[in-house]
Amino acid sequence: MNLATDYCGIELSSPLVVGASPLVDDLDVVKRLEDNGASAIVMRSLFQEQIERESMNTFAQIEGHAHMSAEALSFFPDTDDYVLGPHNHIDQLAKLKAAVSIPVIASLNGTTPGGWLEYAKLMQDAGADALELNFYELAADFDRSGADIENELVAIVEELGRATTIPISVKLSPFWSSLPHLAKRLVAAGAKGLVLFNRFYQADIDVEELEYENRLQLSHSRDLLLRLRAIAILRGRLDMSLICTGGAHTVQDLVKALMSGADAVQFVAALLTRGPEHLKTLRDGLEIWMAEHGHESLDGLRGNMSLERCPDPHALLRGNYAQLLRSWTADREGFYS
Amino acid sequence: MSELRRIMVDGNEAVALVAHKCSEVLAIYPITPSSAMGEHADLWSAKGQKNLWGTVPDVVEMQSEGGAAGALHGSLQAGAITSSFTASQGLLLKIPNLYKIAGELTPFVLHVAARTLATHALSIFGDHSDVMACRQTGMAMLCAGSVQEAHDFALISLAASLRTRLPFLHFFDGFRTSHEVAKITAIPDDVMLAMLPDALLHDHRVRALDPDRPVIRGTAQNPDTFFQAREAANGYYDRCPAETEAVMGEFERLTGRSYSLCDYEGHPEAERVIVLMGSGAETASETVQQLAAQGERVGVVKVRLYRPFPSEQLLRALPNTTRSIAVLDRTKEPGAQADPLLLDVRSALVDAEQEERLPFKQRPRVVGGRYGLASKEFTPGMVAAVFEELKAERPKSRFTIGIVDDVTHHSLAWTEVPERAKGVRAIFFGLGSDGTVGANKNSIKIIGEDTKLEAQGYFVYDSKKSGAMTISHLRFGPERIRSSYLIQSASFVACHQWAFLDKIDMLEKAERGATFLVNSPFGPDEVWDRLTREVQQDILDKGIRLYVIDAVKVARDAGMGNRINTVMQTCFFAISGVLPRFDAIEAIKASIRKTYGRRGQEVVKRNFDAVDASIDHLYEVTIPQTVTATRTRPPIVSDEAPDHIRRVAAVMLAGKGDALPVSAFPVDGTWPLSSSRWEKRRIAHEVPVWSPDVCIQCNQCAFVCPHATIRAKVYDESALASAPADFLHVDYKAKDFRGSQYTIQVAPEDCTGCGLCVEICPAKDKTNPRHKAINMTPVADVLEVERQRWDFFTGLPEKDLSEIERIDAKSTQLLQPLFEFSGACAGCGETPYVKLMTQLFGDRALIANATGCSSIYGGNLPTTPYCTDDNGRGPAWANSLFEDNAEFGLGFRLALDKHRQQALELLSVHRALVGDELFDAIEHCNQTTREGILEMRRHVAQLLERLAGHPEAARLAEFASHLVQKSVWLVGGDGWAYDIGYGGLDHVLSMDRNINVLVLDTEVYSNTGGQSSKATPLGASAKFAISGRSIGKKDLALEAMSYGHVYVARVAFGANYNQTVKAFVEAESYPGPSLILAYSPCIAHGYDLRFGVEQTKLAVETGYWPLFRYDPRRAATGAPGLELDSREPKKELAAFMNNETRFRMVERMDPERYRRLQKQAQVEADRRFSLYQQLAEIKIPVGQSSEGGEA
């Protein structure tokens, strides 16, 4: 069975990719992931805010108290060895790269152009095979239009392209007015793939303490549908890889993602809950399913339910909405009772 | 001669560069102003930098200077080339070993940044009183007067020591030389190697103790032989001057820099000569050159080698035309016939006269003067005044110069002389935290290293730890700079903080046509009208050019917060023209990249943005023809302040303390309390403002406030009769004072704006939870109204402890703090404990305070935060030393107990006069409660009434107040308790006296800048433990508990306020020794102290700092003595550690090591918690336990 697929120009042995997560912190776990059939791993994200805040914070803590007292010109050893920035992250990337033979994809998370983009070069130098730009922005600025935000994203991709030679994919949130248009611009800017979709951190409210609290909430299979639709729309129209992330847990999920047009599928939640060995279950399951359905390779399967090729495009777009409305009857839903 | 390398360094670094290259072992202990030498050496060794002989020197931090001296003595005996650095009290602690090292003729160099010894007061500043206390030890002594000399003499002293076998004390003036940044020529390694030939090193090593060729040293000798043996080494001292001179000759051959034991400069036929040592000699030389050029027959002899005293060289140095000599000493020996250098010079002349080899045409008159104590300025004007005095027929035989002595009239009058050297002389007034000094150091480095100009920087700091002012003095010019004094005539003045313009006379030193750069919130069109009349007048009178920039805005827009330094630095270069503008900006950027590059790209980018935006926002102001302002500079203190505050403190606060005459001061260093309240420093940009309707009246804000600027009061409604209309108050909710009114009030002019109170405020407005019961508000919006409210609030009646039903965190905050508005850091974690102690026991407390942060914010003049209550009672406070605080505090108790005992004895003697009823009442008065204390005070008042008019009972009357139980507190930091004072503390705890020890544990030497102590935790980086401490913190509590009779508590107020209060009350009530270890967040931990309480909670929740109380009284009942007050850790230690820079540094330097240390720290924390858990279960059968309660 040939499961090979193209991921932003890199050939992978299968579409089963480990998404950005803490799974890659432990080299032993990474080895297990590889042994169980991961075709690539995405490194945990390096966050723009994290780099900048630690940098500025430490600057403030160290420099803010220096040279202010005759007795204490500083409060910390003035060592050059204490370097702030992404170096630990880069070191870990290099270690990962050395530990496995599958491609390692580095991940950068940020929203505004700045010094942090230089870290992409360091990632490339450390051996990253590709770069995933995680553009995560919750719009809260009343003076910035959607176009402004898109322009910024495109500018970042262009800048990354200038700084590096490895393929760049962009991980997006679902909330864009016209994802196909944006995707087209990103391809023009040099992106080789789209990773759909980022899952928002959705802070919950503590009603007693009147505080927001952030809890990590893992994805469910039901989260998949949003991704399937977007991938199905984009499939076949742009020269870029489409990667599904967020909601794929089962073999069925994997097959659906491929059918809608994904070149690869990233798994995180499923592996966090079921362990690295779950990858083998997924891979074996996919092979069985393909055999049962007469597929020799992914080619026959990939994108067969995309907007371009599905039997009823209307059902994918507005149609399914209209259909749902049509199938609703007042008495069945108890409207008059 | 090797290629010249010019570098910009301060004196400490200049010395450390040589000492590190030329040592195998360095044993040190931090003390101002020498700490940086050890820190440099430690850093270089940590980085693997090798010495001349290819090995990395071993740098060891000991528990005290005494310990360091022992270690280096041992290292010398075992044959290593060993050095050390110290100053002041630290040098005194080394003296016993110095005698030994000298007596054993051991080559060794001790580098000393000479500093004042504590007498009537401590001073961290420079003079020769410490080194002069060593002149009898047998050490050779070599004195450097400039940064270059300190660098050169560091090598010359070691080379001479190896040749002469005499140990050398190499000294230079603390601060003036140790902290002056100057352009020097570095000594290349090959010169060092040539000066230190292997043969001499070999000689040293073969004298080492070695079991292969064993000898014994340090024997005991009897009357028959000691004396002769002591004289046996005379020849070494006799030969030392000539040999040292030979070493200087060798040095000159290798470097071209010429020195002799006594250097003369001046008119070849001088008649009047000043003899002195140290940095003052540079100023004297500079002045002499000017005066001699004008034809004055004056000269200066700079004594380099002070021991063995080079009499012959001195006589050779003095021109034979000399008619009068003024010997200037930078030390004071009260009661001595003369200060030491004067004695030596006179003695040399007398000897020569007796031996008929006086080289002079006529016997010169020799007088002595004292100058420069504790870094008092020594200026050309003062030098000129001394020469003027020498003109007199009968010059004063003893005088002082630099002060006005209107009591004993020893002082000479002087007039300051304007500076005339070519170049730029710039003074910058900055805020401690705005980066001014750092930027200026950077500027002189740029100019010194990138241009041919000479450069010098000197920095003056005030003693506050929050809102401190820094004044930078920078000189640049084509000629060698020898001015070892503050700038007298400034061509450039920069005000980096607008508010300072109202506080000090900033243009006092500005010369005609000077440039004045002001960081102003007001633009070029508005700024003139905002200046005071005084400033406008100065600008007009002196023809000053005025430039403004809103640096705060530029810095904020660039994302730099309040760090305005790069903005102001850019403006300085843009206006001053020291460098072409483009070159200057490139140089600033290059240096930003170099300095901050390792702090991350973002830091560099934002600094660059600030630089780029600066010039666009810099404006020259068009100056009107006349003064237009109606506003004058506001008074420094209120007219309502007491006389001594207005007469003395206010002058010091205005930066004019130098002008105060001798008569202004107490003769014995005794000062009154309640002075900080008059400062009104107004350093906060935002202050908390109370919302009564949201408040839940928990008083936590008052509890955590490090500066006692936010307070709670409960009072009767009738007290509001004269309240200002908008005074805020609500009904008090709790039942203890039901029916009363309640107010939370901030002192807007004393608040530092740290935000700790708002951060911990648990009350939220339910409709707008962002709004709490207190909210930070721009001070400009509320200053007037809050000031009025505060004034009224302070007049509301205070509660007495006796009125409090239940003593807990909340109720203690209704008590008046007798510790307020200290100069501690914003967010300080120590001061809330000190404040709490004064709230509970302040009116009967004696505090012995170890040297450290708490003694600086507690007792650094001109003001003290300790204050009195309405009855005039308050903490009586004193600082002795760093190392002896436990013993010092014990001494308080010994005296109090003795006096109380005498009072009781005399009471029995005078029983008839006292009367049985009062006698019994006094004898049976139980003072373990507040009621008991008040009752005893009433008895004592009654007793004194009865004793009045009975001279036979005068002694009882004198001792009567001792019948009231006093509370003795021994306060200090971990450096004291864990390290230097540990031996004494341990001894005091081993006794049965009633003392209370409060250890403010910041886990590092905070005051001297973050050196590792035995309280520094595993995994944390600190100076002298750069790669992260691999050994766990000492468990002082466990050690103290091992005695059984000591009350021990570990507290952390942010995690459990009530447990803290309980511990203080229990400790104080326990009639034996008590030890409280108080977790104290500190800027040396490296996080925003606004979150200090949150981090403290984590410290307890992760088991980093378990809370407990061990009470021998409880143990005596058969119950477990230890009560564990924290729950089993529910979070991993990493959650705590990852928040603090001191730990994260280690992770950043070596992630593997950090992971290991973190794991180890977790194991250690788990182990310790388990141990405490088990101890909390241990019951010792009654009858076998300690009778601690009877102590």
# chains A, B, ... in the order shown; residues from 1 in each chain; ligands from 1
$ interface_residues --of "chain A" --to "chain B" --cutoff "8 Å" --atoms "only C-alpha atoms" --output "PyMOL selection string"
chain A and resi 51-52+55-59+61-85+87-88+114-116+210
$ residues_around --residues "Ile41 of chain A" --least-positions-apart "2" --cutoff "12 Å" --atoms "only C-alpha atoms" --output "ChimeraX atom specification"
/A:7,12,14-25,27,29-34,37-39,43-45,93,96-97,99-107,128-132,264-268,276
$ write_last_selection --atoms "N, CA and C atoms" --output "tab-separated table (two decimals), in the first residue's frame"
chain	number	residue	atom	x	y	z
A	7	TYR	N	4.14	17.03	1.37
A	7	TYR	CA	3.87	18.00	2.42
A	7	TYR	C	4.73	19.23	2.14
A	12	LEU	N	6.46	12.67	2.27
A	12	LEU	CA	6.29	11.96	3.53
A	12	LEU	C	5.83	10.55	3.24
A	14	SER	N	3.71	8.88	4.88
A	14	SER	CA	2.26	8.72	5.11
A	14	SER	C	1.68	10.07	5.47
A	15	PRO	N	0.41	10.23	5.49
A	15	PRO	CA	-0.19	11.52	5.88
A	15	PRO	C	-0.28	11.71	7.39
A	16	LEU	N	0.28	10.79	8.17
A	16	LEU	CA	0.13	10.85	9.63
A	16	LEU	C	1.25	11.68	10.25
A	17	VAL	N	0.91	12.92	10.56
A	17	VAL	CA	1.91	13.87	11.09
A	17	VAL	C	1.56	14.19	12.54
A	18	VAL	N	2.60	14.33	13.38
A	18	VAL	CA	2.35	14.72	14.77
A	18	VAL	C	2.37	16.24	14.83
A	19	GLY	N	1.26	16.82	15.26
A	19	GLY	CA	1.14	18.28	15.31
A	19	GLY	C	1.91	18.91	16.45
A	20	ALA	N	2.00	20.25	16.39
A	20	ALA	CA	2.75	21.00	17.41
A	20	ALA	C	2.14	20.74	18.79
A	21	SER	N	2.98	20.25	19.70
A	21	SER	CA	2.45	19.87	21.00
A	21	SER	C	3.60	19.58	21.96
A	22	PRO	N	3.27	19.42	23.22
A	22	PRO	CA	4.32	19.08	24.19
A	22	PRO	C	4.86	17.66	23.99
A	23	LEU	N	4.23	16.88	23.09
A	23	LEU	CA	4.68	15.51	22.87
A	23	LEU	C	6.16	15.46	22.49
A	24	VAL	N	6.61	16.53	21.82
A	24	VAL	CA	7.97	16.48	21.29
A	24	VAL	C	9.02	16.92	22.31
A	25	ASP	N	8.59	17.24	23.54
A	25	ASP	CA	9.55	17.67	24.55
A	25	ASP	C	10.47	16.54	24.99
A	27	LEU	N	12.43	13.21	24.23
A	27	LEU	CA	12.99	12.51	23.07
A	27	LEU	C	12.55	11.05	23.02
A	29	VAL	N	9.60	9.89	23.87
A	29	VAL	CA	8.26	9.89	23.29
A	29	VAL	C	8.36	10.08	21.77
A	30	VAL	N	9.25	10.97	21.39
A	30	VAL	CA	9.43	11.24	19.96
A	30	VAL	C	9.85	9.96	19.22
A	31	LYS	N	10.75	9.22	19.85
A	31	LYS	CA	11.18	7.96	19.23
A	31	LYS	C	9.99	7.00	19.08
A	32	ARG	N	9.17	6.98	20.10
A	32	ARG	CA	7.99	6.11	20.05
A	32	ARG	C	7.04	6.54	18.93
A	33	LEU	N	6.92	7.84	18.76
A	33	LEU	CA	6.05	8.36	17.70
A	33	LEU	C	6.58	7.91	16.34
A	34	GLU	N	7.87	8.04	16.19
A	34	GLU	CA	8.47	7.63	14.92
A	34	GLU	C	8.27	6.13	14.69
A	37	GLY	N	4.96	5.11	13.38
A	37	GLY	CA	4.51	5.48	12.04
A	37	GLY	C	4.32	6.96	11.77
A	38	ALA	N	4.78	7.83	12.68
A	38	ALA	CA	4.68	9.26	12.37
A	38	ALA	C	5.54	9.53	11.15
A	39	SER	N	4.99	10.28	10.19
A	39	SER	CA	5.76	10.55	8.98
A	39	SER	C	6.52	11.87	9.10
A	43	MET	N	7.41	20.63	15.64
A	43	MET	CA	7.98	21.04	16.92
A	43	MET	C	6.96	21.91	17.65
A	44	ARG	N	7.03	21.90	18.97
A	44	ARG	CA	6.19	22.79	19.78
A	44	ARG	C	6.44	24.24	19.33
A	45	SER	N	5.42	25.05	19.35
A	45	SER	CA	5.55	26.42	18.83
A	45	SER	C	6.47	27.27	19.68
A	93	LEU	N	15.32	21.56	19.10
A	93	LEU	CA	15.04	21.24	17.70
A	93	LEU	C	16.19	20.43	17.10
A	96	LEU	N	16.07	16.96	18.45
A	96	LEU	CA	14.99	16.19	17.80
A	96	LEU	C	15.44	15.70	16.44
A	97	LYS	N	16.05	16.62	15.74
A	97	LYS	CA	16.48	16.33	14.38
A	97	LYS	C	17.49	15.18	14.39
A	99	ALA	N	17.66	12.92	16.66
A	99	ALA	CA	17.10	11.69	17.24
A	99	ALA	C	16.23	10.90	16.26
A	100	VAL	N	15.67	11.59	15.26
A	100	VAL	CA	14.74	10.89	14.36
A	100	VAL	C	15.20	11.02	12.91
A	101	SER	N	14.66	10.16	12.06
A	101	SER	CA	15.04	10.27	10.66
A	101	SER	C	13.91	10.88	9.82
A	102	ILE	N	12.74	11.04	10.43
A	102	ILE	CA	11.62	11.68	9.71
A	102	ILE	C	11.80	13.20	9.72
A	103	PRO	N	11.14	13.89	8.78
A	103	PRO	CA	11.26	15.36	8.77
A	103	PRO	C	10.75	16.00	10.07
A	104	VAL	N	11.45	17.06	10.46
A	104	VAL	CA	11.04	17.83	11.64
A	104	VAL	C	10.63	19.21	11.16
A	105	ILE	N	9.43	19.61	11.51
A	105	ILE	CA	8.90	20.90	11.08
A	105	ILE	C	8.89	21.84	12.27
A	106	ALA	N	9.57	22.97	12.12
A	106	ALA	CA	9.60	23.94	13.22
A	106	ALA	C	8.35	24.79	13.18
A	107	SER	N	7.98	25.34	14.32
A	107	SER	CA	6.75	26.13	14.39
A	107	SER	C	6.99	27.44	15.11
A	128	ALA	N	15.70	22.28	10.74
A	128	ALA	CA	14.27	22.15	10.46
A	128	ALA	C	14.06	21.90	8.95
A	129	ASP	N	13.17	20.96	8.64
A	129	ASP	CA	12.92	20.65	7.24
A	129	ASP	C	11.89	21.60	6.64
A	130	ALA	N	11.06	22.13	7.48
A	130	ALA	CA	10.05	23.08	7.03
A	130	ALA	C	9.67	23.95	8.22
A	131	LEU	N	8.92	24.98	7.91
A	131	LEU	CA	8.54	25.91	8.96
A	131	LEU	C	7.03	26.09	8.93
A	132	GLU	N	6.42	26.00	10.09
A	132	GLU	CA	4.99	26.25	10.17
A	132	GLU	C	4.80	27.57	10.91
A	264	ALA	N	-2.11	15.88	4.25
A	264	ALA	CA	-1.65	15.24	5.48
A	264	ALA	C	-2.57	15.66	6.61
A	265	VAL	N	-2.51	14.90	7.67
A	265	VAL	CA	-3.36	15.20	8.82
A	265	VAL	C	-2.47	15.22	10.08
A	266	GLN	N	-2.63	16.29	10.84
A	266	GLN	CA	-1.86	16.38	12.09
A	266	GLN	C	-2.70	15.84	13.24
A	267	PHE	N	-2.03	15.08	14.08
A	267	PHE	CA	-2.70	14.53	15.27
A	267	PHE	C	-2.03	15.05	16.52
A	268	VAL	N	-2.82	15.47	17.48
A	268	VAL	CA	-2.29	15.88	18.78
A	268	VAL	C	-3.15	15.28	19.90
A	276	PRO	N	1.35	7.45	21.91
A	276	PRO	CA	1.98	7.41	20.59
A	276	PRO	C	1.58	6.17	19.79
$ select_by_dssp --residues "segment 878-991 of chain B" --states "helix (DSSP H, G or I)" --output "ChimeraX atom specification"
/B:885-909,911-914,916-923,930-947,951-963,974-980,982-990
$ write_last_selection --atoms "C-alpha atoms" --output "mmCIF file, in the first residue's frame"
data_model
loop_
_atom_site.group_PDB
_atom_site.id
_atom_site.type_symbol
_atom_site.label_atom_id
_atom_site.label_comp_id
_atom_site.auth_asym_id
_atom_site.auth_seq_id
_atom_site.Cartn_x
_atom_site.Cartn_y
_atom_site.Cartn_z
ATOM 1 C CA ASN B 885 24.226 41.923 65.607
ATOM 2 C CA ALA B 886 23.125 38.940 67.664
ATOM 3 C CA GLU B 887 25.640 39.719 70.377
ATOM 4 C CA PHE B 888 24.789 43.436 70.159
ATOM 5 C CA GLY B 889 21.083 42.729 70.653
ATOM 6 C CA LEU B 890 21.829 40.302 73.446
ATOM 7 C CA GLY B 891 23.709 43.131 75.110
ATOM 8 C CA PHE B 892 20.486 45.177 75.090
ATOM 9 C CA ARG B 893 18.773 42.365 76.931
ATOM 10 C CA LEU B 894 21.586 41.968 79.445
ATOM 11 C CA ALA B 895 21.409 45.644 80.344
ATOM 12 C CA LEU B 896 17.602 45.660 80.463
ATOM 13 C CA ASP B 897 17.478 42.578 82.672
ATOM 14 C CA LYS B 898 20.096 43.966 84.987
ATOM 15 C CA HIS B 899 18.274 47.267 85.292
ATOM 16 C CA ARG B 900 14.945 45.567 85.836
ATOM 17 C CA GLN B 901 16.502 43.383 88.480
ATOM 18 C CA GLN B 902 17.945 46.456 90.192
ATOM 19 C CA ALA B 903 14.578 48.154 90.004
ATOM 20 C CA LEU B 904 12.984 45.163 91.727
ATOM 21 C CA GLU B 905 15.767 45.036 94.320
ATOM 22 C CA LEU B 906 15.380 48.744 95.029
ATOM 23 C CA LEU B 907 11.634 48.331 95.182
ATOM 24 C CA SER B 908 12.146 45.935 98.084
ATOM 25 C CA VAL B 909 14.566 48.344 99.730
ATOM 26 C CA ARG B 911 8.967 49.045 100.120
ATOM 27 C CA ALA B 912 7.791 51.246 102.940
ATOM 28 C CA LEU B 913 7.895 54.323 100.785
ATOM 29 C CA VAL B 914 6.285 52.539 97.840
ATOM 30 C CA ASP B 916 2.437 47.427 100.128
ATOM 31 C CA GLU B 917 -0.411 47.743 97.710
ATOM 32 C CA LEU B 918 1.633 49.240 94.888
ATOM 33 C CA PHE B 919 4.517 46.934 95.705
ATOM 34 C CA ASP B 920 2.291 43.878 95.364
ATOM 35 C CA ALA B 921 0.639 45.245 92.258
ATOM 36 C CA ILE B 922 4.050 45.700 90.608
ATOM 37 C CA GLU B 923 5.348 42.370 91.775
ATOM 38 C CA ARG B 930 -0.962 44.255 76.444
ATOM 39 C CA GLU B 931 -3.226 45.038 79.400
ATOM 40 C CA GLY B 932 -0.406 43.958 81.685
ATOM 41 C CA ILE B 933 2.035 46.293 79.976
ATOM 42 C CA LEU B 934 -0.355 49.228 80.251
ATOM 43 C CA GLU B 935 -1.080 48.338 83.861
ATOM 44 C CA MET B 936 2.628 48.316 84.645
ATOM 45 C CA ARG B 937 3.022 51.687 82.979
ATOM 46 C CA ARG B 938 0.316 53.030 85.292
ATOM 47 C CA HIS B 939 2.057 51.476 88.293
ATOM 48 C CA VAL B 940 5.344 53.039 87.263
ATOM 49 C CA ALA B 941 3.716 56.442 86.891
ATOM 50 C CA GLN B 942 2.224 56.070 90.347
ATOM 51 C CA LEU B 943 5.563 54.889 91.697
ATOM 52 C CA LEU B 944 7.370 57.904 90.266
ATOM 53 C CA GLU B 945 4.790 60.181 91.850
ATOM 54 C CA ARG B 946 5.460 58.568 95.196
ATOM 55 C CA LEU B 947 9.206 58.759 94.805
ATOM 56 C CA PRO B 951 16.283 61.697 97.106
ATOM 57 C CA GLU B 952 17.061 58.504 98.993
ATOM 58 C CA ALA B 953 15.042 56.620 96.357
ATOM 59 C CA ALA B 954 16.511 58.431 93.358
ATOM 60 C CA ARG B 955 18.058 55.268 91.943
ATOM 61 C CA LEU B 956 14.730 53.464 92.073
ATOM 62 C CA ALA B 957 13.165 56.373 90.240
ATOM 63 C CA GLU B 958 15.919 56.120 87.651
ATOM 64 C CA PHE B 959 15.412 52.400 87.102
ATOM 65 C CA ALA B 960 11.618 52.401 87.488
ATOM 66 C CA SER B 961 10.829 52.497 83.774
ATOM 67 C CA HIS B 962 12.665 49.171 83.424
ATOM 68 C CA LEU B 963 9.839 47.512 85.321
ATOM 69 C CA ASP B 974 20.344 36.201 55.673
ATOM 70 C CA GLY B 975 23.902 37.374 55.038
ATOM 71 C CA TRP B 976 24.089 38.193 58.701
ATOM 72 C CA ALA B 977 22.123 35.272 60.118
ATOM 73 C CA TYR B 978 23.341 32.477 57.859
ATOM 74 C CA ASP B 979 26.885 33.658 57.200
ATOM 75 C CA ILE B 980 28.863 36.382 58.871
ATOM 76 C CA TYR B 982 25.986 32.924 62.362
ATOM 77 C CA GLY B 983 28.469 32.071 65.102
ATOM 78 C CA GLY B 984 27.128 34.861 67.292
ATOM 79 C CA LEU B 985 23.520 34.123 66.453
ATOM 80 C CA ASP B 986 23.987 30.486 67.298
ATOM 81 C CA HIS B 987 25.520 31.431 70.627
ATOM 82 C CA VAL B 988 22.771 33.864 71.504
ATOM 83 C CA LEU B 989 20.138 31.253 70.621
ATOM 84 C CA SER B 990 21.935 28.762 72.847
#
$ residues_around --residues "Pro380 of chain B" --least-positions-apart "3" --cutoff "7 Å" --atoms "only C-alpha atoms" --output "PDB file with C-alpha atoms, in the first residue's frame"
ATOM      1  CA  THR B 283      43.745  67.016  42.346  1.00  0.00           C
ATOM      2  CA  ALA B 284      46.692  68.533  44.202  1.00  0.00           C
ATOM      3  CA  THR B 287      46.202  72.477  41.002  1.00  0.00           C
ATOM      4  CA  VAL B 383      44.287  72.761  47.633  1.00  0.00           C
ATOM      5  CA  ALA B 384      44.768  76.466  46.955  1.00  0.00           C
ATOM      6  CA  VAL B 417      37.928  77.667  41.476  1.00  0.00           C
TER       7      VAL B 417
END
$ closest_residue --among "B:Arg304, B:His128, B:Arg213, B:Arg647" --to "Pro661 of chain B" --atoms "only C-alpha atoms"
B:Arg647
$ residues_around --residues "Gly9 of chain A" --least-positions-apart "6" --cutoff "9 Å" --atoms "only C-alpha atoms" --output "ChimeraX atom specification"
/A:167,192-193,240-241
$ write_last_selection --atoms "N, CA and C atoms" --output "short mmCIF file (atom, residue, chain, number, x, y, z; two decimals), in the first residue's frame"
data_model
loop_
_atom_site.label_atom_id
_atom_site.label_comp_id
_atom_site.auth_asym_id
_atom_site.auth_seq_id
_atom_site.Cartn_x
_atom_site.Cartn_y
_atom_site.Cartn_z
N PRO A 167 10.61 25.17 3.07
CA PRO A 167 9.20 25.47 2.80
C PRO A 167 8.48 26.02 4.03
N LYS A 192 3.93 27.41 1.07
CA LYS A 192 3.83 26.13 0.37
C LYS A 192 2.73 25.25 0.93
N GLY A 193 2.11 25.71 1.98
CA GLY A 193 1.06 24.89 2.55
C GLY A 193 0.19 25.67 3.51
N MET A 240 -0.51 24.43 -3.44
CA MET A 240 -0.03 24.35 -2.06
C MET A 240 -0.58 23.10 -1.39
N SER A 241 0.15 22.66 -0.37
CA SER A 241 -0.33 21.51 0.40
C SER A 241 -1.40 21.96 1.36
#
$ select_by_dssp --residues "segment 16-232 of chain A" --states "strand (DSSP E)" --output "JSON, numbers by chain"
{"A": [16, 17, 18, 40, 41, 42, 46, 47, 104, 105, 106, 107, 108, 109, 130, 131, 132, 133, 134, 168, 169, 170, 171, 172, 193, 194, 195, 196, 204, 205, 206, 211, 212, 213]}
$ residues_around --residues "segment 1065-1075 of chain B" --least-positions-apart "3" --cutoff "6 Å" --atoms "only C-alpha atoms" --output "list in words"
Leu989, Asp992, Arg993, Asn994, Ile995, Asn996, Val997, Val1046, Tyr1047, Val1048, Lys1062 and Ala1191 of chain B
$ atom_distance --atom1 "atom CA of Gly372 of chain B" --atom2 "atom CA of Ile7 of chain B"
28.2 Å
$ residues_around --residues "Gly90 of chain B" --least-positions-apart "2" --cutoff "10 Å" --atoms "only C-alpha atoms" --output "PyMOL selection string"
chain B and resi 28-32+34+64-66+68-69+85-88+92-95+112+115+117+130+882-883
$ write_last_selection --atoms "C-alpha atoms" --output "mmCIF file, in the first residue's frame"
data_model
loop_
_atom_site.group_PDB
_atom_site.id
_atom_site.type_symbol
_atom_site.label_atom_id
_atom_site.label_comp_id
_atom_site.auth_asym_id
_atom_site.auth_seq_id
_atom_site.Cartn_x
_atom_site.Cartn_y
_atom_site.Cartn_z
ATOM 1 C CA ILE B 28 36.911 36.906 49.133
ATOM 2 C CA TYR B 29 33.841 38.275 50.858
ATOM 3 C CA PRO B 30 31.731 41.103 49.437
ATOM 4 C CA ILE B 31 31.953 44.543 50.976
ATOM 5 C CA THR B 32 31.346 47.952 49.471
ATOM 6 C CA SER B 34 35.448 46.507 46.910
ATOM 7 C CA SER B 64 33.062 36.693 56.321
ATOM 8 C CA GLU B 65 36.244 38.625 55.706
ATOM 9 C CA GLY B 66 37.669 36.888 58.738
ATOM 10 C CA ALA B 68 38.378 34.787 53.793
ATOM 11 C CA ALA B 69 41.540 35.844 55.624
ATOM 12 C CA PHE B 85 39.957 42.270 47.941
ATOM 13 C CA THR B 86 38.298 44.110 50.769
ATOM 14 C CA ALA B 87 37.541 47.389 52.505
ATOM 15 C CA SER B 88 36.600 48.994 55.790
ATOM 16 C CA LEU B 92 39.509 45.074 60.203
ATOM 17 C CA LEU B 93 38.280 41.478 60.330
ATOM 18 C CA LYS B 94 41.360 40.439 58.390
ATOM 19 C CA ILE B 95 43.840 42.157 60.697
ATOM 20 C CA VAL B 112 41.778 47.522 49.343
ATOM 21 C CA ARG B 115 36.747 53.131 53.006
ATOM 22 C CA LEU B 117 35.280 52.832 59.327
ATOM 23 C CA ASP B 130 40.586 51.398 57.366
ATOM 24 C CA PHE B 882 27.268 43.383 60.184
ATOM 25 C CA GLU B 883 28.839 40.505 62.023
#
